[in-house]
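The next block holds one structure in the form of structure tokens; read it before the comments.
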Amino acid sequence: MMNETELSQIVTSMEANSVGTGDSFIPDNKNAFDYYMGAPFGDEEDNRSKVVSTDVADVVEADMPSLARVFLGAGKPVEFMPTSENELDAEEARQKNVYIPYLIDNCRNSFKKQYDWLKCIEIYKAGVLEYGRETKKISRVEAYEGLDELELAAYLQEFDDDKNVKETKITSQKVSKKGGVERFDIEVSLIGEESNYFLRNVPIEDLILTKGVQTKEDADIVGKRWTKTRGALVEDGFDKAVVKKLTKSSDTQHKDMKDQRTRSEDGVTAGGQLTSANSEVHWTMEYVSGTDVYVLVDYNEDGIRERRHVIKSGTTILLNEDFNHIPYVITSAIQMPHVMIGRSRAEITMPTQRLQSVLERGVCDNVYMVNAGRNVISQNINYDDLLAVRTNGVVRSKGTGPIGNDILPLITPYVGDKTLQVIQYFDSKRAQTTGSLMANQGLEANDLYKETATRFKGVEHASKAKIELLARVIAEAGYMQLYEGMAWFARHYQKDEQEIYVMGQTLLVNPAKWKYEHKLTAEVGTGAGDDEQMIENRSALLSVLEQLKARGSVLVDEKKVYNQIARIAKSMGIKDLSTVINDPERPEQVLQAENEILTQMVEQLQQQVQSNPLAEAEMIKAQATLVTAQSKGTNDMQQFIMKLAQDSEQFKTLSAQERAELAKDLTELELKYRSDVPGALV
């Protein structure tokens with residue numbers, strides 16, 4: 001079996017062949033971020049315009065509302081589909097479709113993590129999201145005042161019953177007497193462990209990925225670089241004695257890109273983040289660096305490589321375990337053939353920003369020269385007077401002839417209008433490249449192309465199609481992996497059944513019993529960029545379904561109508577569908593509606609038989625049965641309605657003697673019902 005020294009050397013060798021080492025990967029991503037932030041290009045000249053166009057930022061920020069609406073709104077970007085007609089298979093898929101989005105949404109800062117990931121996909125060559133379930137050591141202090149003996153015992157028992165608390169220690173206790181009763185003021189130190197699901201953004205410069213691979217499963221190494229305090233490593237569960245021996249971090253790798261990101265916060269580089277070698281601080285606050293990777297290696301030396309999770313700092317292996325999953329989602333906005341890392345939206349916009357900046361600088365320089373033009377003067381003019389520009393200033397002249405003979409304005413032609421036409425043209429070219437029409441939405445199509453509005457409408461549709469394709473790529477290459485990965489962690493690491501309340505219903509979930517591998521399908525990509533169009537199309541389809549149902553067609557049922565209304569509600573941003581519509585397959589949701597329908601039928605029957613004493617007695621019977629039916633459920637109510645209709649038809653055929661006997665029976669029923677059901681409606 002391989003020893004840890006050999007494993008450390010192999011991991012170091014793999015890391016040396018990963019993206020970002022010895023190539024342009026990191027500089028290209030840094031350059032894209034500079035363009036997004038509108039940073040100077042570095043070739044600016046004194047006394048000339050230094051304006052920078054914001055094309056990259058415009059494209060990114062124009063995309064984000066659509067991406068946030070699609071992926072962070074009410075609908076699910078992907079859905080688990082059953083692979084067979086087995087009822088257990090279908091039920092497990094239904095549980096996953098509820099529980100996995102619930103896990104993702106309930107991760108700490110879930111919205112922020114997903115939003116940052118989507119923006120990284122827009123700006124950088126790839127966005128990297130780490131997910132999983134982690135266990136951390138926790139330590140907290142609880143303080144209580146004025147407890148009696150029973151209350152104190154109850155609190156201590158509660159701590160003992162808490163499965164996350166491993167050790168309970170009373171650190172401070174004060175006893176006093178009030179009214180002859182002993183009262184306790186205590187402080188309790190609680191030490192334990194806490195397991196939670198998490199999402200974590202990985203900076204692009206910290207990504208470790210084998211070069212040239214097509215999928216993460218093909219990579220020899222996938223992971224990240226990290227810098228943490230020693231105290232954080234102990235909280236992660238590593239041995240304190242080992243952590244204290246790790247070498248301090250200097251954090252010099254890709255420091256320029258890290259500094260670039262911190263400058264975006266307040267315009268200056270964040271200083272003092274890492275402690276220097278001469279700093280005297282508590283050991284838990286000292287920073288160390290390392291790698292957290294998933295490598296393919298023949299650790300057992302049986303000739304077959306297996307995936308292992310390795311965490312190391314320097315040459316010290318902190319963790320080495322078999323782990324058959326890679327908990328990273330690595331996605332690019334523009335997919336490239338045969339490679340995993342593609343291109344970003346910023347990358348294809350950067351040439352336009354460079355060109356637009358040159359044009360805008362030319363316009364500004366031209367305006368400056370027109371507003372502050374130069375003059376041709378003779379020796380008769382005191383040129384110091386021309387250099388000092390003052391309101392109502394005096395220009396001295398020694399000439400005896402007309403002043404026009406001694407001073408002549410040097411005309412600078414204004415070319416701004418011509419340049420603006422060129423800028424508009426390149427705006428349209430950018431729109432064709434990126435699909436973003438933000439820069440020219442206020443312009444008329446004929447001003448840009450001298451063509452018809454129909455042509456502009458076609459460009460608009462093509463632009464939406466590019467946003468829809470972007471959403472589909474993120475769903476297929478990103479969220480599909482995220483949902484599969486979270487389901488994998490739930491199945492392998494969550495051993496207890498959990499009760500959750502989501503979408504207006506309570507659901508019991510036990511992922512440890514999941515056994516089916518479900519196919520995931522993307523729910524976004526067609527019309528994803530235009531919710532209004534989606535609502536309009538789905539409303540039209542709903543109208544067709546309702547017409548078919550009204551005709552008694554076998555092509556549609558209540559569930560089909562519900563599904564369509566549910567999609568419309570999700571497009572409108574409604575997450576909890578139970579607040580607007582009942583699911584016909586969930587009896588607890590339709591019970592109230594069926595009760596209301598049955599009550600209305602009884603009320604209508606009551607109005608019809610008010611003049612008939614015998615029928616009034618039958619009404620009492622109906623009310624009594626209603627109470628029973630409402631308490632027993634939907635099936636009994638449906639049977640009661642059918643029985644009531646049959647009784648009504650039979651009542652019409654009874655003879656006078658049979659009606660009299662029935663009236664007697666119903667009178668006895670009425671008296672019994674009034675005694676058994678206080679406050680009954682008659």
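Chain labels follow the order of the structure tokens: the first chain is A, the next B, and so on; residue numbering restarts at 1 in every chain, and ligands are counted from 1 in their shown order.
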
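Look at A:Tyr483: the protein and nucleic acid residues within 8 Å of it, using only C-alpha atoms and passing over chain neighbours fewer than 4 places away, are Val78, Ile100, Pro101, Tyr479 and Ala487 of chain A.
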
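Nearest to A:Asn300 of all the residues A:Ile403, A:Ala39, A:Ile565, A:Met2 is A:Met2, based on only C-alpha atoms.
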
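Atom pair atom CA of A:Ile411 / atom CA of A:Asn366 has a distance of 11.6 Å (rounded to one decimal).
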
Best match for closeness to A:His492 among A:Gln564, A:Gly132, A:Glu79, A:Glu205, counting only C-alpha atoms: A:Gly132

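Residues with any atom within 9 Å of A:Phe159, counting only C-alpha atoms and excluding same-chain neighbours fewer than 5 positions away, are Ala154, Asn164, Val165, Glu167, Thr168 and Leu190 of chain A.
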
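Compared by their closest atoms to A:Gly212, and using only C-alpha atoms, the residues A:Ala333, A:Val389, A:Val181, A:Val339 rank with A:Val339 nearest.
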
Compile the contact shell of A:Glu194 as an MDAnalysis selection string: residues with an atom at most 7 Å away, counting only C-alpha atoms, same-chain residues fewer than 4 positions apart removed. chainID A and resid 135:138 164

Can I get the residues of stretch 276-393 of chain A within 9 Å of stretch 10-32 of chain A, each with the closest pair of atoms and their distance in Å to one decimal, using only C-alpha atoms, sorted chain first then ascending number, as JSON lines?
{"residue": "A:Val293", "atom": "CA", "partner": "A:Val11", "partner_atom": "CA", "distance": 8.3}
{"residue": "A:Val295", "atom": "CA", "partner": "A:Val11", "partner_atom": "CA", "distance": 7.4}
{"residue": "A:Val297", "atom": "CA", "partner": "A:Ile10", "partner_atom": "CA", "distance": 8.4}
{"residue": "A:Val310", "atom": "CA", "partner": "A:Val11", "partner_atom": "CA", "distance": 8.4}
{"residue": "A:Thr315", "atom": "CA", "partner": "A:Thr12", "partner_atom": "CA", "distance": 8.9}
{"residue": "A:Ser344", "atom": "CA", "partner": "A:Ala32", "partner_atom": "CA", "distance": 8.8}
{"residue": "A:Ala346", "atom": "CA", "partner": "A:Ala32", "partner_atom": "CA", "distance": 6.2}
{"residue": "A:Glu347", "atom": "CA", "partner": "A:Ala32", "partner_atom": "CA", "distance": 6.4}
{"residue": "A:Met350", "atom": "CA", "partner": "A:Ala32", "partner_atom": "CA", "distance": 7.4}

Contacts of A:Thr171 at 7 Å or less, counting only C-alpha atoms, minus same-chain residues fewer than 5 places along, as a PDB file with C-alpha atoms, in the first residue's frame?
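What landed in around14.pdb:
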ATOM      1  CA  GLU A 187     -23.581  29.199  32.845  1.00  0.00           C
ATOM      2  CA  VAL A 188     -23.300  25.980  30.860  1.00  0.00           C
ATOM      3  CA  SER A 189     -20.577  25.209  28.312  1.00  0.00           C
TER       4      SER A 189
END

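Inside stretch 145-244 of chain A, the residues DSSP reads as alpha helix (DSSP H) when given the backbone are Glu149, Leu150, Glu151, Leu152, Ala153, Ala154, Tyr155, Leu156, Gln157, Glu158, Phe159, Asp160, Asp161, Arg230, Gly231, Ala232, Leu233, Val234, Glu235, Lys240, Ala241, Val242, Val243 and Lys244 of chain A.
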
For A:Glu122, please output as a PDB file with C-alpha atoms, in the first residue's frame all residues within 12 Å (counting only C-alpha atoms; exclusion window: fewer than 6 positions along the same chain).
ATOM      1  CA  ASN A  29      -9.694  35.546 -15.940  1.00  0.00           C
ATOM      2  CA  ALA A  32     -12.034  39.652 -17.712  1.00  0.00           C
ATOM      3  CA  PHE A  33     -12.644  40.902 -14.177  1.00  0.00           C
ATOM      4  CA  TYR A  36     -16.096  44.021 -15.832  1.00  0.00           C
ATOM      5  CA  VAL A  56     -18.907  43.835 -20.269  1.00  0.00           C
ATOM      6  CA  ALA A  57     -20.696  45.015 -17.139  1.00  0.00           C
ATOM      7  CA  ASP A  58     -23.766  45.927 -19.223  1.00  0.00           C
ATOM      8  CA  VAL A  59     -23.992  42.433 -20.713  1.00  0.00           C
ATOM      9  CA  VAL A  60     -23.443  40.679 -17.381  1.00  0.00           C
ATOM     10  CA  GLU A  61     -25.925  42.822 -15.466  1.00  0.00           C
ATOM     11  CA  ALA A  62     -28.472  42.516 -18.290  1.00  0.00           C
ATOM     12  CA  ASP A  63     -28.247  38.714 -18.074  1.00  0.00           C
ATOM     13  CA  MET A  64     -28.497  38.443 -14.275  1.00  0.00           C
ATOM     14  CA  LEU A  67     -30.845  34.036 -14.708  1.00  0.00           C
ATOM     15  CA  TYR A 115     -26.133  34.258  -7.351  1.00  0.00           C
ATOM     16  CA  ASP A 116     -22.341  34.584  -7.038  1.00  0.00           C
ATOM     17  CA  VAL A 128     -17.084  26.761  -9.516  1.00  0.00           C
ATOM     18  CA  THR A 331     -19.739  25.256 -15.542  1.00  0.00           C
ATOM     19  CA  SER A 332     -18.929  27.625 -18.418  1.00  0.00           C
ATOM     20  CA  ALA A 333     -21.429  29.932 -20.094  1.00  0.00           C
ATOM     21  CA  ILE A 334     -20.257  29.038 -23.604  1.00  0.00           C
ATOM     22  CA  GLY A 342     -15.246  27.030 -22.111  1.00  0.00           C
ATOM     23  CA  ARG A 343     -15.682  30.779 -22.588  1.00  0.00           C
ATOM     24  CA  SER A 344     -17.531  33.455 -20.672  1.00  0.00           C
ATOM     25  CA  ARG A 345     -19.988  36.112 -21.718  1.00  0.00           C
ATOM     26  CA  ALA A 346     -17.427  38.703 -20.639  1.00  0.00           C
ATOM     27  CA  GLU A 347     -14.777  37.183 -22.898  1.00  0.00           C
ATOM     28  CA  ILE A 348     -16.805  37.590 -26.088  1.00  0.00           C
ATOM     29  CA  THR A 349     -17.727  41.172 -25.104  1.00  0.00           C
ATOM     30  CA  THR A 434     -24.083  38.423 -27.019  1.00  0.00           C
ATOM     31  CA  ILE A 467     -30.309  33.915 -23.169  1.00  0.00           C
ATOM     32  CA  LEU A 470     -27.381  30.156 -21.720  1.00  0.00           C
ATOM     33  CA  ALA A 471     -30.047  29.112 -19.193  1.00  0.00           C
ATOM     34  CA  ILE A 474     -26.396  26.196 -16.889  1.00  0.00           C
TER      35      ILE A 474
END

Among the residues of stretch 52-205 of chain A, find those DSSP assigns to strand (DSSP E or B) from the backbone and print them as a short mmCIF file (atom, residue, chain, number, x, y, z; two decimals) with C-alpha atoms, in the first residue's frame.
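Listing of out-v2.cif after writing:
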data_model
loop_
_atom_site.label_atom_id
_atom_site.label_comp_id
_atom_site.auth_asym_id
_atom_site.auth_seq_id
_atom_site.Cartn_x
_atom_site.Cartn_y
_atom_site.Cartn_z
CA VAL A 78 -34.33 20.39 -13.18
CA GLU A 79 -36.60 17.53 -12.13
CA PHE A 80 -36.11 13.89 -11.16
CA MET A 81 -38.06 11.53 -13.44
CA GLY A 127 -17.95 29.24 -12.28
CA VAL A 128 -17.08 26.76 -9.52
CA LEU A 129 -19.55 25.72 -6.79
CA GLU A 130 -18.73 23.25 -4.04
CA TYR A 131 -21.54 21.42 -2.26
CA GLY A 132 -21.90 18.72 0.34
CA ARG A 133 -22.58 17.88 3.96
CA GLU A 134 -20.04 18.75 6.63
CA THR A 135 -19.66 18.15 10.35
CA LYS A 136 -18.07 20.84 12.50
CA LYS A 137 -17.19 21.02 16.15
CA ILE A 138 -19.27 23.58 18.00
CA SER A 139 -18.82 25.29 21.35
CA ARG A 140 -21.33 27.64 22.93
CA VAL A 141 -22.26 28.99 26.35
CA GLU A 142 -25.83 29.16 27.65
CA ALA A 143 -26.70 31.37 30.66
CA TYR A 144 -29.86 31.07 32.79
CA GLU A 145 -31.05 33.01 35.83
CA GLY A 146 -33.58 32.30 38.55
CA LEU A 147 -34.10 28.58 37.88
CA VAL A 165 -24.12 17.91 22.27
CA LYS A 166 -21.24 15.62 23.28
CA GLU A 167 -20.20 17.31 26.53
CA THR A 168 -22.06 19.49 29.04
CA LYS A 169 -20.18 21.38 31.72
CA ILE A 170 -21.48 23.91 34.27
CA THR A 171 -18.81 26.60 34.28
CA SER A 172 -20.49 28.97 36.74
CA GLN A 173 -23.19 28.48 39.37
CA LYS A 174 -24.71 30.85 41.91
CA VAL A 175 -27.38 29.77 44.42
CA SER A 176 -29.76 32.16 46.16
CA LYS A 177 -33.02 31.89 48.07
CA LYS A 178 -36.16 33.77 47.13
CA VAL A 181 -37.05 28.50 47.36
CA GLU A 182 -33.54 27.93 46.06
CA ARG A 183 -32.82 29.70 42.77
CA PHE A 184 -29.89 28.94 40.48
CA ASP A 185 -27.97 31.27 38.15
CA ILE A 186 -25.80 29.12 35.91
CA GLU A 187 -23.58 29.20 32.84
CA VAL A 188 -23.30 25.98 30.86
CA SER A 189 -20.58 25.21 28.31
CA LEU A 190 -21.80 22.95 25.51
CA ILE A 191 -19.37 21.13 23.21
CA GLY A 192 -20.54 18.97 20.37
CA GLU A 193 -20.85 18.48 16.64
CA GLU A 194 -23.22 19.85 14.06
CA SER A 195 -23.86 18.51 10.55
CA ASN A 196 -25.25 20.72 7.81
CA TYR A 197 -25.53 20.80 4.05
CA PHE A 198 -23.59 23.62 2.43
CA LEU A 199 -22.91 25.50 -0.79
CA ARG A 200 -19.54 27.21 -1.17
CA ASN A 201 -18.17 29.40 -3.97
#

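Going from atom CA of A:Ile221 over to atom CA of A:Glu286, you cover 28.0 Å.
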